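Participant: See query.cif below, with mmCIF, C-alpha atoms.
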data_model
loop_
_atom_site.group_PDB
_atom_site.id
_atom_site.type_symbol
_atom_site.label_atom_id
_atom_site.label_comp_id
_atom_site.auth_asym_id
_atom_site.auth_seq_id
_atom_site.Cartn_x
_atom_site.Cartn_y
_atom_site.Cartn_z
ATOM 1 C CA MET D 1 77.370 105.160 124.721
ATOM 2 C CA ILE D 2 76.899 102.016 122.631
ATOM 3 C CA CYS D 3 76.796 102.316 118.850
ATOM 4 C CA THR D 4 74.462 100.341 116.640
ATOM 5 C CA ARG D 5 75.705 96.968 115.451
ATOM 6 C CA ILE D 6 78.350 97.210 112.714
ATOM 7 C CA SER D 7 79.045 94.498 110.171
ATOM 8 C CA VAL D 8 82.035 92.429 111.236
ATOM 9 C CA ALA D 9 82.721 91.368 107.666
ATOM 10 C CA SER D 10 83.155 94.950 106.476
ATOM 11 C CA LEU D 11 85.303 96.206 109.354
ATOM 12 C CA PHE D 12 87.333 93.289 110.651
ATOM 13 C CA ALA D 13 87.972 91.205 107.524
ATOM 14 C CA PRO D 14 91.498 89.715 107.513
ATOM 15 C CA VAL D 15 94.146 91.930 105.979
ATOM 16 C CA THR D 16 97.464 90.408 104.945
ATOM 17 C CA ARG D 17 98.920 92.958 102.554
ATOM 18 C CA ALA D 18 100.069 95.195 105.422
ATOM 19 C CA PHE D 19 102.922 92.856 106.202
ATOM 20 C CA ALA D 20 104.607 93.584 102.907
ATOM 21 C CA VAL D 21 105.498 97.011 104.293
ATOM 22 C CA TRP D 22 106.450 96.059 107.873
ATOM 23 C CA HIS D 23 109.215 98.026 109.542
ATOM 24 C CA LYS D 24 112.559 97.657 107.818
ATOM 25 C CA VAL D 25 115.219 98.343 110.412
ATOM 26 C CA GLU D 26 118.486 99.949 109.352
ATOM 27 C CA ASN D 27 121.261 100.720 111.772
ATOM 28 C CA THR D 28 123.975 103.147 110.761
ATOM 29 C CA ALA D 29 126.457 104.986 112.922
ATOM 30 C CA ASN D 30 126.736 108.744 113.136
ATOM 31 C CA LYS D 31 128.627 111.157 115.320
ATOM 32 C CA LYS D 32 125.897 111.283 117.973
ATOM 33 C CA GLY D 33 125.526 107.546 118.331
ATOM 34 C CA HIS D 34 123.225 105.388 116.245
ATOM 35 C CA LEU D 35 120.556 106.410 113.771
ATOM 36 C CA TYR D 36 117.657 103.993 113.404
ATOM 37 C CA HIS D 37 115.095 104.047 110.604
ATOM 38 C CA MET D 38 111.884 102.037 110.698
ATOM 39 C CA ASN D 39 110.244 102.482 107.313
ATOM 40 C CA THR D 40 106.699 101.712 106.235
ATOM 41 C CA SER D 41 104.866 103.033 103.193
ATOM 42 C CA SER D 42 103.776 106.062 105.198
ATOM 43 C CA LEU D 43 106.060 106.579 108.164
ATOM 44 C CA ARG D 44 109.651 107.367 108.948
ATOM 45 C CA VAL D 45 110.911 106.946 112.479
ATOM 46 C CA GLN D 46 114.302 108.144 113.604
ATOM 47 C CA GLN D 47 116.080 107.372 116.847
ATOM 48 C CA ARG D 48 119.152 109.473 117.594
ATOM 49 C CA CYS D 49 119.428 108.266 121.186
ATOM 50 C CA THR D 50 118.057 105.350 123.156
ATOM 51 C CA LYS D 51 115.409 107.386 124.957
ATOM 52 C CA HIS D 52 113.496 109.425 122.368
ATOM 53 C CA ILE D 53 112.240 108.249 119.003
ATOM 54 C CA ARG D 54 111.307 110.902 116.492
ATOM 55 C CA CYS D 55 108.584 110.328 113.916
ATOM 56 C CA CYS D 56 107.301 112.355 111.006
ATOM 57 C CA SER D 57 103.760 111.641 109.826
ATOM 58 C CA VAL D 58 103.297 111.999 106.090
ATOM 59 C CA GLY D 59 100.868 111.108 103.325
ATOM 60 C CA ARG D 60 99.703 107.517 102.984
ATOM 61 C CA ASP D 61 101.732 106.556 99.952
ATOM 62 C CA GLN D 62 104.854 108.582 100.605
ATOM 63 C CA LEU D 63 108.089 107.611 102.255
ATOM 64 C CA ASN D 64 109.598 110.857 103.440
ATOM 65 C CA ALA D 65 108.405 114.079 104.998
ATOM 66 C CA SER D 66 110.294 115.989 102.315
ATOM 67 C CA ILE D 67 107.930 114.757 99.614
ATOM 68 C CA SER D 68 104.731 115.056 101.634
ATOM 69 C CA THR D 69 101.925 116.994 99.957
ATOM 70 C CA MET D 70 101.146 118.601 103.325
ATOM 71 C CA ALA D 71 102.645 122.063 103.820
ATOM 72 C CA SER D 72 103.754 121.167 107.340
ATOM 73 C CA PRO D 73 103.624 117.495 108.352
ATOM 74 C CA LEU D 74 102.575 116.733 111.898
ATOM 75 C CA GLN D 75 105.773 115.749 113.697
ATOM 76 C CA ILE D 76 105.351 113.016 116.307
ATOM 77 C CA GLU D 77 108.001 112.044 118.819
ATOM 78 C CA LEU D 78 107.685 109.073 121.159
ATOM 79 C CA VAL D 79 108.745 109.880 124.716
ATOM 80 C CA PRO D 80 109.092 106.842 127.017
ATOM 81 C CA CYS D 81 107.821 107.473 130.547
ATOM 82 C CA LEU D 82 107.630 105.425 133.745
ATOM 83 C CA LYS D 83 108.106 101.696 133.118
ATOM 84 C CA ASP D 84 106.334 101.161 129.805
ATOM 85 C CA ASN D 85 104.244 104.260 129.019
ATOM 86 C CA TYR D 86 104.564 106.368 125.894
ATOM 87 C CA ALA D 87 103.795 110.073 125.798
ATOM 88 C CA TYR D 88 103.768 111.707 122.363
ATOM 89 C CA LEU D 89 105.256 115.080 121.535
ATOM 90 C CA LEU D 90 103.378 116.755 118.672
ATOM 91 C CA HIS D 91 104.761 119.680 116.711
ATOM 92 C CA ASP D 92 103.478 121.699 113.759
ATOM 93 C CA SER D 93 106.517 123.482 112.353
ATOM 94 C CA SER D 94 104.503 126.018 110.337
ATOM 95 C CA SER D 95 102.674 127.462 113.322
ATOM 96 C CA GLY D 96 105.089 126.408 116.052
ATOM 97 C CA THR D 97 102.239 124.664 117.842
ATOM 98 C CA THR D 98 103.517 122.039 120.284
ATOM 99 C CA GLY D 99 101.545 119.567 122.389
ATOM 100 C CA ILE D 100 102.041 116.436 124.442
ATOM 101 C CA VAL D 101 99.673 113.470 124.541
ATOM 102 C CA ASP D 102 99.283 111.660 127.886
ATOM 103 C CA PRO D 103 102.300 112.922 129.869
ATOM 104 C CA SER D 104 102.837 110.323 132.588
ATOM 105 C CA GLU D 105 105.485 112.374 134.353
ATOM 106 C CA PRO D 106 106.995 115.819 133.794
ATOM 107 C CA GLY D 107 110.722 115.012 133.712
ATOM 108 C CA PRO D 108 111.086 113.298 130.310
ATOM 109 C CA ILE D 109 108.742 115.840 128.733
ATOM 110 C CA LYS D 110 110.753 118.786 130.031
ATOM 111 C CA ASP D 111 113.960 117.168 128.802
ATOM 112 C CA ILE D 112 112.771 116.726 125.233
ATOM 113 C CA LEU D 113 111.162 120.183 125.112
ATOM 114 C CA SER D 114 114.484 121.680 126.177
ATOM 115 C CA LYS D 115 116.408 119.703 123.566
ATOM 116 C CA ARG D 116 114.006 120.688 120.785
ATOM 117 C CA ARG D 117 113.647 124.256 122.089
ATOM 118 C CA TYR D 118 109.862 123.980 121.882
ATOM 119 C CA LYS D 119 107.363 125.806 124.068
ATOM 120 C CA LEU D 120 104.577 123.518 125.228
ATOM 121 C CA MET D 121 101.140 124.908 124.385
ATOM 122 C CA TYR D 122 98.767 121.984 124.848
ATOM 123 C CA ILE D 123 98.458 118.859 126.997
ATOM 124 C CA LEU D 124 96.080 116.266 125.557
ATOM 125 C CA ASN D 125 94.729 113.519 127.838
ATOM 126 C CA THR D 126 92.880 110.476 126.519
ATOM 127 C CA HIS D 127 91.608 109.556 129.999
ATOM 128 C CA HIS D 128 92.052 110.308 133.675
ATOM 129 C CA HIS D 129 94.409 107.554 134.883
ATOM 130 C CA TYR D 130 97.455 108.929 136.673
ATOM 131 C CA ASP D 131 99.954 107.226 134.382
ATOM 132 C CA HIS D 132 98.509 109.395 131.584
ATOM 133 C CA THR D 133 97.997 112.649 133.500
ATOM 134 C CA GLY D 134 100.762 112.612 136.121
ATOM 135 C CA GLY D 135 102.707 115.399 134.405
ATOM 136 C CA ASN D 136 99.757 117.717 133.824
ATOM 137 C CA LEU D 137 100.026 120.150 136.708
ATOM 138 C CA GLU D 138 103.784 120.676 136.674
ATOM 139 C CA LEU D 139 103.887 121.060 132.897
ATOM 140 C CA LYS D 140 100.955 123.460 132.984
ATOM 141 C CA ALA D 141 102.613 125.537 135.717
ATOM 142 C CA THR D 142 105.962 125.594 133.916
ATOM 143 C CA TYR D 143 104.807 126.403 130.380
ATOM 144 C CA GLY D 144 101.307 127.834 130.801
ATOM 145 C CA ALA D 145 99.982 125.033 128.589
ATOM 146 C CA LYS D 146 96.252 124.389 128.228
ATOM 147 C CA VAL D 147 95.012 120.954 129.312
ATOM 148 C CA ILE D 148 92.579 119.263 126.934
ATOM 149 C CA GLY D 149 90.620 116.155 127.855
ATOM 150 C CA PRO D 150 87.347 114.264 127.552
ATOM 151 C CA LEU D 151 84.186 115.991 128.712
ATOM 152 C CA GLY D 152 83.073 112.784 130.405
ATOM 153 C CA GLU D 153 86.088 112.860 132.722
ATOM 154 C CA LYS D 154 86.579 116.597 133.214
ATOM 155 C CA GLU D 155 86.197 116.258 136.988
ATOM 156 C CA ARG D 156 89.061 113.762 137.077
ATOM 157 C CA ILE D 157 91.567 115.341 134.673
ATOM 158 C CA PRO D 158 94.108 117.442 136.643
ATOM 159 C CA GLY D 159 94.171 121.071 135.493
ATOM 160 C CA ILE D 160 91.721 120.636 132.613
ATOM 161 C CA ASP D 161 90.931 123.804 130.643
ATOM 162 C CA ILE D 162 89.161 122.509 127.543
ATOM 163 C CA ALA D 163 86.721 119.572 127.678
ATOM 164 C CA LEU D 164 85.890 117.966 124.333
ATOM 165 C CA ARG D 165 83.053 115.589 123.480
ATOM 166 C CA ASP D 166 82.580 112.839 120.914
ATOM 167 C CA GLY D 167 82.496 114.145 117.352
ATOM 168 C CA GLU D 168 84.083 117.515 118.086
ATOM 169 C CA LYS D 169 86.794 118.843 115.799
ATOM 170 C CA TRP D 170 89.658 120.924 117.144
ATOM 171 C CA MET D 171 92.562 122.582 115.359
ATOM 172 C CA PHE D 172 96.097 121.751 116.441
ATOM 173 C CA GLY D 173 98.001 124.375 114.487
ATOM 174 C CA GLY D 174 97.149 123.591 110.883
ATOM 175 C CA HIS D 175 95.955 120.071 111.653
ATOM 176 C CA GLU D 176 92.327 119.133 112.304
ATOM 177 C CA MET D 177 91.877 116.736 115.207
ATOM 178 C CA HIS D 178 88.728 114.642 115.604
ATOM 179 C CA VAL D 179 87.624 113.494 119.044
ATOM 180 C CA LEU D 180 86.305 109.929 119.163
ATOM 181 C CA GLU D 181 84.613 108.687 122.311
ATOM 182 C CA THR D 182 86.130 105.256 122.988
ATOM 183 C CA PRO D 183 84.951 104.059 126.429
ATOM 184 C CA GLY D 184 85.530 100.648 127.943
ATOM 185 C CA HIS D 185 88.807 101.070 129.789
ATOM 186 C CA THR D 186 87.315 104.117 131.499
ATOM 187 C CA LYS D 187 83.829 105.575 131.131
ATOM 188 C CA GLY D 188 84.883 108.759 129.383
ATOM 189 C CA HIS D 189 87.965 107.645 127.439
ATOM 190 C CA VAL D 190 88.550 109.365 124.095
ATOM 191 C CA SER D 191 90.941 108.887 121.185
ATOM 192 C CA PHE D 192 92.468 111.707 119.134
ATOM 193 C CA TYR D 193 92.342 111.183 115.360
ATOM 194 C CA PHE D 194 94.217 113.336 112.843
ATOM 195 C CA PRO D 195 92.672 112.342 109.488
ATOM 196 C CA GLU D 196 95.023 114.313 107.226
ATOM 197 C CA SER D 197 98.048 112.737 108.878
ATOM 198 C CA GLY D 198 96.461 109.294 109.133
ATOM 199 C CA VAL D 199 97.260 108.836 112.821
ATOM 200 C CA ILE D 200 95.221 108.138 115.939
ATOM 201 C CA PHE D 201 96.205 108.271 119.589
ATOM 202 C CA THR D 202 94.233 105.542 121.336
ATOM 203 C CA GLY D 203 95.511 105.773 124.916
ATOM 204 C CA ASP D 204 94.475 102.585 126.695
ATOM 205 C CA THR D 205 91.580 101.625 124.408
ATOM 206 C CA LEU D 206 93.480 99.876 121.614
ATOM 207 C CA PHE D 207 96.977 98.484 122.075
ATOM 208 C CA SER D 208 99.061 96.616 119.561
ATOM 209 C CA LEU D 209 97.615 93.077 119.781
ATOM 210 C CA SER D 210 95.281 93.879 122.678
ATOM 211 C CA CYS D 211 92.824 96.312 124.222
ATOM 212 C CA GLY D 212 92.602 97.967 127.615
ATOM 213 C CA LYS D 213 91.282 96.235 130.705
ATOM 214 C CA LEU D 214 87.617 96.895 131.423
ATOM 215 C CA PHE D 215 88.107 98.897 134.609
ATOM 216 C CA GLU D 216 85.030 101.113 134.309
ATOM 217 C CA GLY D 217 83.260 100.012 131.153
ATOM 218 C CA SER D 218 81.736 96.898 129.650
ATOM 219 C CA ALA D 219 82.646 94.506 126.870
ATOM 220 C CA GLU D 220 79.815 96.057 124.848
ATOM 221 C CA GLN D 221 81.359 99.512 125.200
ATOM 222 C CA MET D 222 84.820 98.265 124.303
ATOM 223 C CA TRP D 223 83.503 96.453 121.244
ATOM 224 C CA SER D 224 81.725 99.640 120.173
ATOM 225 C CA SER D 225 84.948 101.600 120.633
ATOM 226 C CA LEU D 226 87.051 99.142 118.639
ATOM 227 C CA SER D 227 84.393 99.106 115.921
ATOM 228 C CA LYS D 228 84.568 102.886 115.685
ATOM 229 C CA ILE D 229 88.335 102.757 115.262
ATOM 230 C CA ALA D 230 88.036 99.864 112.801
ATOM 231 C CA SER D 231 85.856 102.013 110.536
ATOM 232 C CA LEU D 232 88.878 104.206 109.744
ATOM 233 C CA SER D 233 91.278 103.543 106.881
ATOM 234 C CA ASP D 234 93.460 100.448 107.120
ATOM 235 C CA HIS D 235 96.471 102.729 106.628
ATOM 236 C CA VAL D 236 95.844 104.655 109.856
ATOM 237 C CA ARG D 237 98.758 104.373 112.287
ATOM 238 C CA ILE D 238 97.916 103.630 115.907
ATOM 239 C CA PHE D 239 99.865 105.306 118.682
ATOM 240 C CA CYS D 240 98.865 103.597 121.918
ATOM 241 C CA GLY D 241 99.705 104.348 125.532
ATOM 242 C CA HIS D 242 102.020 101.455 126.431
ATOM 243 C CA GLU D 243 104.764 99.206 125.067
ATOM 244 C CA TYR D 244 102.982 95.885 125.599
ATOM 245 C CA THR D 245 103.318 94.267 122.174
ATOM 246 C CA VAL D 246 105.702 91.411 122.944
ATOM 247 C CA SER D 247 103.748 90.221 125.984
ATOM 248 C CA ASN D 248 100.469 90.693 124.101
ATOM 249 C CA ALA D 249 101.843 88.551 121.285
ATOM 250 C CA LYS D 250 102.422 85.630 123.634
ATOM 251 C CA PHE D 251 98.771 85.575 124.618
ATOM 252 C CA ALA D 252 97.556 86.086 121.051
ATOM 253 C CA LEU D 253 99.657 83.175 119.809
ATOM 254 C CA SER D 254 98.359 80.945 122.595
ATOM 255 C CA ILE D 255 94.795 81.244 121.271
ATOM 256 C CA GLU D 256 95.473 81.589 117.529
ATOM 257 C CA PRO D 257 98.725 79.733 116.782
ATOM 258 C CA GLY D 258 97.664 79.083 113.199
ATOM 259 C CA ASN D 259 97.643 82.767 112.265
ATOM 260 C CA ASP D 260 100.656 83.183 109.972
ATOM 261 C CA ALA D 261 100.365 86.963 109.946
ATOM 262 C CA LEU D 262 100.398 87.008 113.740
ATOM 263 C CA ARG D 263 103.502 84.819 113.926
ATOM 264 C CA SER D 264 105.302 87.151 111.531
ATOM 265 C CA TYR D 265 104.146 90.224 113.455
ATOM 266 C CA ALA D 266 105.249 88.743 116.794
ATOM 267 C CA ALA D 267 108.690 87.834 115.452
ATOM 268 C CA ARG D 268 109.270 91.306 114.103
ATOM 269 C CA ALA D 269 108.047 92.903 117.324
ATOM 270 C CA SER D 270 110.574 90.844 119.273
ATOM 271 C CA GLU D 271 113.304 91.890 116.844
ATOM 272 C CA LEU D 272 112.460 95.560 117.282
ATOM 273 C CA ARG D 273 112.493 95.317 121.073
ATOM 274 C CA SER D 274 115.806 93.448 121.015
ATOM 275 C CA LYS D 275 117.253 96.472 119.215
ATOM 276 C CA GLY D 276 115.755 98.879 121.741
ATOM 277 C CA LEU D 277 113.205 100.132 119.215
ATOM 278 C CA PRO D 278 109.483 100.675 119.794
ATOM 279 C CA THR D 279 106.826 98.448 118.269
ATOM 280 C CA VAL D 280 104.552 101.477 118.120
ATOM 281 C CA PRO D 281 102.953 102.570 115.875
ATOM 282 C CA SER D 282 101.126 99.691 114.276
ATOM 283 C CA THR D 283 98.635 100.078 111.459
ATOM 284 C CA LEU D 284 94.947 99.363 111.646
ATOM 285 C CA ALA D 285 95.432 96.730 108.937
ATOM 286 C CA GLU D 286 97.934 94.915 111.144
ATOM 287 C CA GLU D 287 95.595 95.007 114.128
ATOM 288 C CA LYS D 288 92.727 93.580 112.083
ATOM 289 C CA SER D 289 94.968 90.749 110.958
ATOM 290 C CA CYS D 290 96.571 89.967 114.309
ATOM 291 C CA ASN D 291 94.814 91.490 117.325
ATOM 292 C CA PRO D 292 92.561 88.809 118.881
ATOM 293 C CA PHE D 293 90.184 91.438 120.276
ATOM 294 C CA MET D 294 89.427 92.559 116.724
ATOM 295 C CA ARG D 295 88.968 89.045 115.307
ATOM 296 C CA PRO D 296 85.553 87.717 116.395
ATOM 297 C CA PHE D 297 85.282 85.928 113.051
ATOM 298 C CA SER D 298 88.262 83.674 113.929
ATOM 299 C CA ALA D 299 87.075 80.102 114.301
ATOM 300 C CA GLU D 300 90.424 79.184 115.851
ATOM 301 C CA ILE D 301 90.082 81.718 118.660
ATOM 302 C CA ARG D 302 86.488 80.721 119.324
ATOM 303 C CA LYS D 303 87.536 77.079 119.528
ATOM 304 C CA SER D 304 90.499 77.859 121.790
ATOM 305 C CA LEU D 305 88.312 79.732 124.277
ATOM 306 C CA ASN D 306 85.131 77.686 123.816
ATOM 307 C CA VAL D 307 83.211 80.688 122.523
ATOM 308 C CA PRO D 308 80.031 79.419 120.823
ATOM 309 C CA ASP D 309 79.274 80.477 117.268
ATOM 310 C CA THR D 310 76.092 82.086 118.537
ATOM 311 C CA ALA D 311 77.979 84.460 120.859
ATOM 312 C CA SER D 312 77.905 88.108 119.814
ATOM 313 C CA GLU D 313 80.999 90.127 119.014
ATOM 314 C CA ALA D 314 80.815 91.814 122.424
ATOM 315 C CA GLU D 315 80.465 88.454 124.167
ATOM 316 C CA PHE D 316 83.454 87.207 122.183
ATOM 317 C CA LEU D 317 85.513 90.216 123.290
ATOM 318 C CA GLY D 318 84.480 89.658 126.903
ATOM 319 C CA ARG D 319 85.686 86.047 126.767
ATOM 320 C CA VAL D 320 89.008 87.064 125.229
ATOM 321 C CA ARG D 321 89.460 89.811 127.834
ATOM 322 C CA LYS D 322 88.824 87.396 130.716
ATOM 323 C CA ALA D 323 91.285 84.903 129.257
ATOM 324 C CA LYS D 324 93.904 87.632 128.797
ATOM 325 C CA ASP D 325 93.424 88.827 132.388
ATOM 326 C CA LYS D 326 94.201 85.298 133.631
ATOM 327 C CA PHE D 327 97.059 84.618 131.209
#
Give the structure from the file, written as structure tokens.
Facilitator:
Amino acid sequence: MICTRISVASLFAPVTRAFAVWHKVENTANKKGHLYHMNTSSLRVQQRCTKHIRCCSVGRDQLNASISTMASPLQIELVPCLKDNYAYLLHDSSSGTTGIVDPSEPGPIKDILSKRRYKLMYILNTHHHYDHTGGNLELKATYGAKVIGPLGEKERIPGIDIALRDGEKWMFGGHEMHVLETPGHTKGHVSFYFPESGVIFTGDTLFSLSCGKLFEGSAEQMWSSLSKIASLSDHVRIFCGHEYTVSNAKFALSIEPGNDALRSYAARASELRSKGLPTVPSTLAEEKSCNPFMRPFSAEIRKSLNVPDTASEAEFLGRVRKAKDKF
């Protein structure tokens, strides 16, 4: 489904203020190893081991979960899977509701559930690709969890129980989740948006500094999907399906080397990875300022790729995608 044309100026205007609150990395020792904090104005991430990174989503202008105005903040834990995938463990402490977004494989998910002593209730899939659904059947069999996925891909989601369509709202414990249809990478891809927590799980639609390959959809569909995400608040934090940021930054810098915000973002991403920390999540403001797929107004990118001024936003995205595929 292709949305009506949306003003580029209103959605994708450059944003530079986000970089004043980029991740500040602190490394202090404790008895269990190292404790890492990556602080922004609205997120605290803790890493107590090298494999799992624990996040607590709070209000936009607050630093810590303890001062959140929400009765029970949505707890988000990054779980690395396969080579570069991220699954996301979600937990609502008030209700005990626990879910996993895009489990690539069952092993790491079972490990973290055992450590946290959580019972898995829901499996949420953004799309049908195996590296996002590979753990579905074993996790469902082990915990009796319900599998939730996009209606448009219900025939391809292993073990699906609940199929949701664009615009539907679904309660995860005490947290309302909005389903956004975001095709392009696959025909039925969806993203899961939690407006009260200010977070969105974009699967393989929007990455930090890139977007998904157009395996089943078109540039028009991908542009529509990115426009839908871009209409959300600049403070929204983006949890994507892969750790690709450093490699994405190399391509982005090759076509927009004059972007100061991008250079700063790329340097900090490299620093985080050198410390074994994730570059995820990013904010929507950061993506608007740095992600070439969200910057059709950039004269530098258009010049680098010989994209005429008369080319539409979707045509621009298609050119950038082809260049990225060959990079």
Participant: Can you list, as a VMD selection string, every protein, DNA or RNA residue that comes within 12 Å of Ser304 (chain D) when you count all atoms listed in the file, leaving out same-chain residues fewer than 2 positions away?
Facilitator: chain D and resid 251 to 258 292 298 to 302 306 to 308 316 319 to 320 323
Participant: Go through region 98-205 of chain D residue by residue and, counting all atoms listed in the file, keep those with an atom at most 8 Å from region 223-232 of chain D; for each kept residue give the shortest atom pair and its distance in Å to one decimal, ordered by chain and increasing number, as JSON lines.
Facilitator:
{"residue": "D:Glu181", "atom": "CA", "partner": "D:Ser225", "partner_atom": "CA", "distance": 7.3}
{"residue": "D:Thr182", "atom": "CA", "partner": "D:Ser225", "partner_atom": "CA", "distance": 4.5}
{"residue": "D:Pro183", "atom": "CA", "partner": "D:Ser225", "partner_atom": "CA", "distance": 6.3}
{"residue": "D:Gly184", "atom": "CA", "partner": "D:Ser225", "partner_atom": "CA", "distance": 7.4}
{"residue": "D:Thr205", "atom": "CA", "partner": "D:Ser225", "partner_atom": "CA", "distance": 7.6}
Participant: Please determine an axis-aligned box that encloses all atoms of region 247-258 of chain D listed in the file, with 8 Å added on each side, and express its centre and edge lengths in Å to one decimal as lines of an AutoDock Vina configuration file.
Facilitator:
center_x = 99.3
center_y = 84.9
center_z = 119.6
size_x = 25.0
size_y = 27.6
size_z = 28.8
Participant: Excluding region 151-153 of chain D and its own-chain neighbours fewer than 3 positions away, which residues fall within 8 Å of it when counting all atoms listed in the file? Please give them as number ranges by chain.
Facilitator: D: 127-128, 156-157, 163-165, 187-189
Participant: Between region 121-229 of chain D and region 80-86 of chain D, at 12 Å or less, what are the per-residue closest atom pairs and their distances in Å? Count only C-alpha atoms, order by chain and rising residue number, and return it as JSON lines.
Facilitator:
{"residue": "D:His129", "atom": "CA", "partner": "D:Asn85", "partner_atom": "CA", "distance": 11.9}
{"residue": "D:Tyr130", "atom": "CA", "partner": "D:Leu82", "partner_atom": "CA", "distance": 11.2}
{"residue": "D:Asp131", "atom": "CA", "partner": "D:Asn85", "partner_atom": "CA", "distance": 7.5}
{"residue": "D:His132", "atom": "CA", "partner": "D:Asn85", "partner_atom": "CA", "distance": 8.1}
{"residue": "D:Thr133", "atom": "CA", "partner": "D:Asn85", "partner_atom": "CA", "distance": 11.4}
{"residue": "D:Gly134", "atom": "CA", "partner": "D:Leu82", "partner_atom": "CA", "distance": 10.2}
{"residue": "D:Gly135", "atom": "CA", "partner": "D:Cys81", "partner_atom": "CA", "distance": 10.2}
{"residue": "D:Phe201", "atom": "CA", "partner": "D:Tyr86", "partner_atom": "CA", "distance": 10.6}
{"residue": "D:Thr202", "atom": "CA", "partner": "D:Tyr86", "partner_atom": "CA", "distance": 11.3}
{"residue": "D:Gly203", "atom": "CA", "partner": "D:Tyr86", "partner_atom": "CA", "distance": 9.1}
{"residue": "D:Asp204", "atom": "CA", "partner": "D:Asn85", "partner_atom": "CA", "distance": 10.2}
{"residue": "D:Phe207", "atom": "CA", "partner": "D:Tyr86", "partner_atom": "CA", "distance": 11.6}
Participant: The PyMOL selection byres ((chain D and resi 217) around 9) on the file shown: which residues, as an MDAnalysis selection string?
Facilitator: chainID D and resid 183:187 213:216 218:222
Participant: Please provide the set of residues having any atom within 7 Å of region 293-296 of chain D, restricted to all atoms listed in the file, with same-chain residues fewer than 3 positions apart removed, written as a PyMOL selection string.
Facilitator: chain D and resi 12+210-211+288+313+316-317+320
Participant: Residues picked by the PyMOL selection byres ((chain D and resi 159) around 7) here, as a ChimeraX atom specification?
Facilitator: /D:136-137,147,157-158,160-161
Participant: How many Å separate CA of Leu113 (chain D) from CA of Phe192 (chain D)?
Facilitator: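 That distance, rounded to one decimal, is 21.4 Å.
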Participant: Just to confirm, what's the straight-line distance from CA of Ile200 (chain D) to CA of Leu284 (chain D) in Å (one decimal)?
Facilitator: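 We find that CA of Ile200 (chain D) and CA of Leu284 (chain D) lie 9.8 Å from each other.
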Participant: Which distance in Å separates CA of Ala141 (chain D) and CA of Leu120 (chain D), to one decimal?
Facilitator: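 According to the coordinates, CA of Ala141 (chain D) and CA of Leu120 (chain D) are separated by 10.9 Å.
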Participant: Under the rule that all atoms listed in the file are counted, which of D:Thr142, D:Ser208, D:Ser191, D:Asn291 is the nearest residue to Glu168 (chain D)?
Facilitator: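 The shortest atom-to-atom distance to Glu168 (chain D) comes from D:Ser191.
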Participant: Counting all atoms listed in the file, which residue out of D:Gln75, D:Ser274, D:Thr310, D:Ser95 sits closest to Met171 (chain D)?
Facilitator: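 Smallest separation from Met171 (chain D) among the options: D:Ser95.
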Participant: Looking at D:Tyr265, D:Tyr244, D:Phe239, D:Tyr143, which one is nearest to Gly198 (chain D), with distances taken over all atoms listed in the file?
Facilitator: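 When distances to Gly198 (chain D) are compared using all atoms listed in the file, the smallest one comes from D:Phe239.
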Participant: Considering all atoms listed in the file, can you say which of D:Lys326, D:His242, D:His178, D:Lys303 comes closest to Asp102 (chain D)?
Facilitator: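 The shortest atom-to-atom distance to Asp102 (chain D) comes from D:His242.
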Participant: Give me, as number ranges by chain, all polymer residues having an atom no more than 12 Å from Ser270 (chain D), counting only C-alpha atoms and skipping those fewer than 2 positions away in the same chain.
Facilitator: D: 243-250, 263-268, 272-279
Participant: Could you model N, CA, C and O atoms for region 313-319 of chain D and present them as a PDB file, in the coordinates of the input?
Facilitator:
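What follows is the written file selection33.pdb:
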ATOM      1  N   GLU D 313      79.640  89.585 119.042  1.00  0.00           N
ATOM      2  CA  GLU D 313      80.999  90.127 119.014  1.00  0.00           C
ATOM      3  C   GLU D 313      81.417  90.639 120.395  1.00  0.00           C
ATOM      4  O   GLU D 313      82.552  90.442 120.825  1.00  0.00           O
ATOM      5  N   ALA D 314      80.502  91.306 121.090  1.00  0.00           N
ATOM      6  CA  ALA D 314      80.815  91.814 122.424  1.00  0.00           C
ATOM      7  C   ALA D 314      81.054  90.672 123.408  1.00  0.00           C
ATOM      8  O   ALA D 314      81.958  90.743 124.254  1.00  0.00           O
ATOM      9  N   GLU D 315      80.261  89.618 123.303  1.00  0.00           N
ATOM     10  CA  GLU D 315      80.465  88.454 124.167  1.00  0.00           C
ATOM     11  C   GLU D 315      81.814  87.802 123.874  1.00  0.00           C
ATOM     12  O   GLU D 315      82.529  87.369 124.795  1.00  0.00           O
ATOM     13  N   PHE D 316      82.152  87.734 122.589  1.00  0.00           N
ATOM     14  CA  PHE D 316      83.454  87.207 122.183  1.00  0.00           C
ATOM     15  C   PHE D 316      84.571  88.034 122.827  1.00  0.00           C
ATOM     16  O   PHE D 316      85.498  87.485 123.435  1.00  0.00           O
ATOM     17  N   LEU D 317      84.480  89.352 122.717  1.00  0.00           N
ATOM     18  CA  LEU D 317      85.513  90.216 123.290  1.00  0.00           C
ATOM     19  C   LEU D 317      85.619  90.012 124.801  1.00  0.00           C
ATOM     20  O   LEU D 317      86.718  89.956 125.357  1.00  0.00           O
ATOM     21  N   GLY D 318      84.462  89.879 125.462  1.00  0.00           N
ATOM     22  CA  GLY D 318      84.480  89.658 126.903  1.00  0.00           C
ATOM     23  C   GLY D 318      85.202  88.379 127.285  1.00  0.00           C
ATOM     24  O   GLY D 318      85.959  88.347 128.276  1.00  0.00           O
ATOM     25  N   ARG D 319      85.007  87.323 126.507  1.00  0.00           N
ATOM     26  CA  ARG D 319      85.686  86.047 126.767  1.00  0.00           C
ATOM     27  C   ARG D 319      87.195  86.186 126.573  1.00  0.00           C
ATOM     28  O   ARG D 319      87.991  85.672 127.374  1.00  0.00           O
TER      29      ARG D 319
END
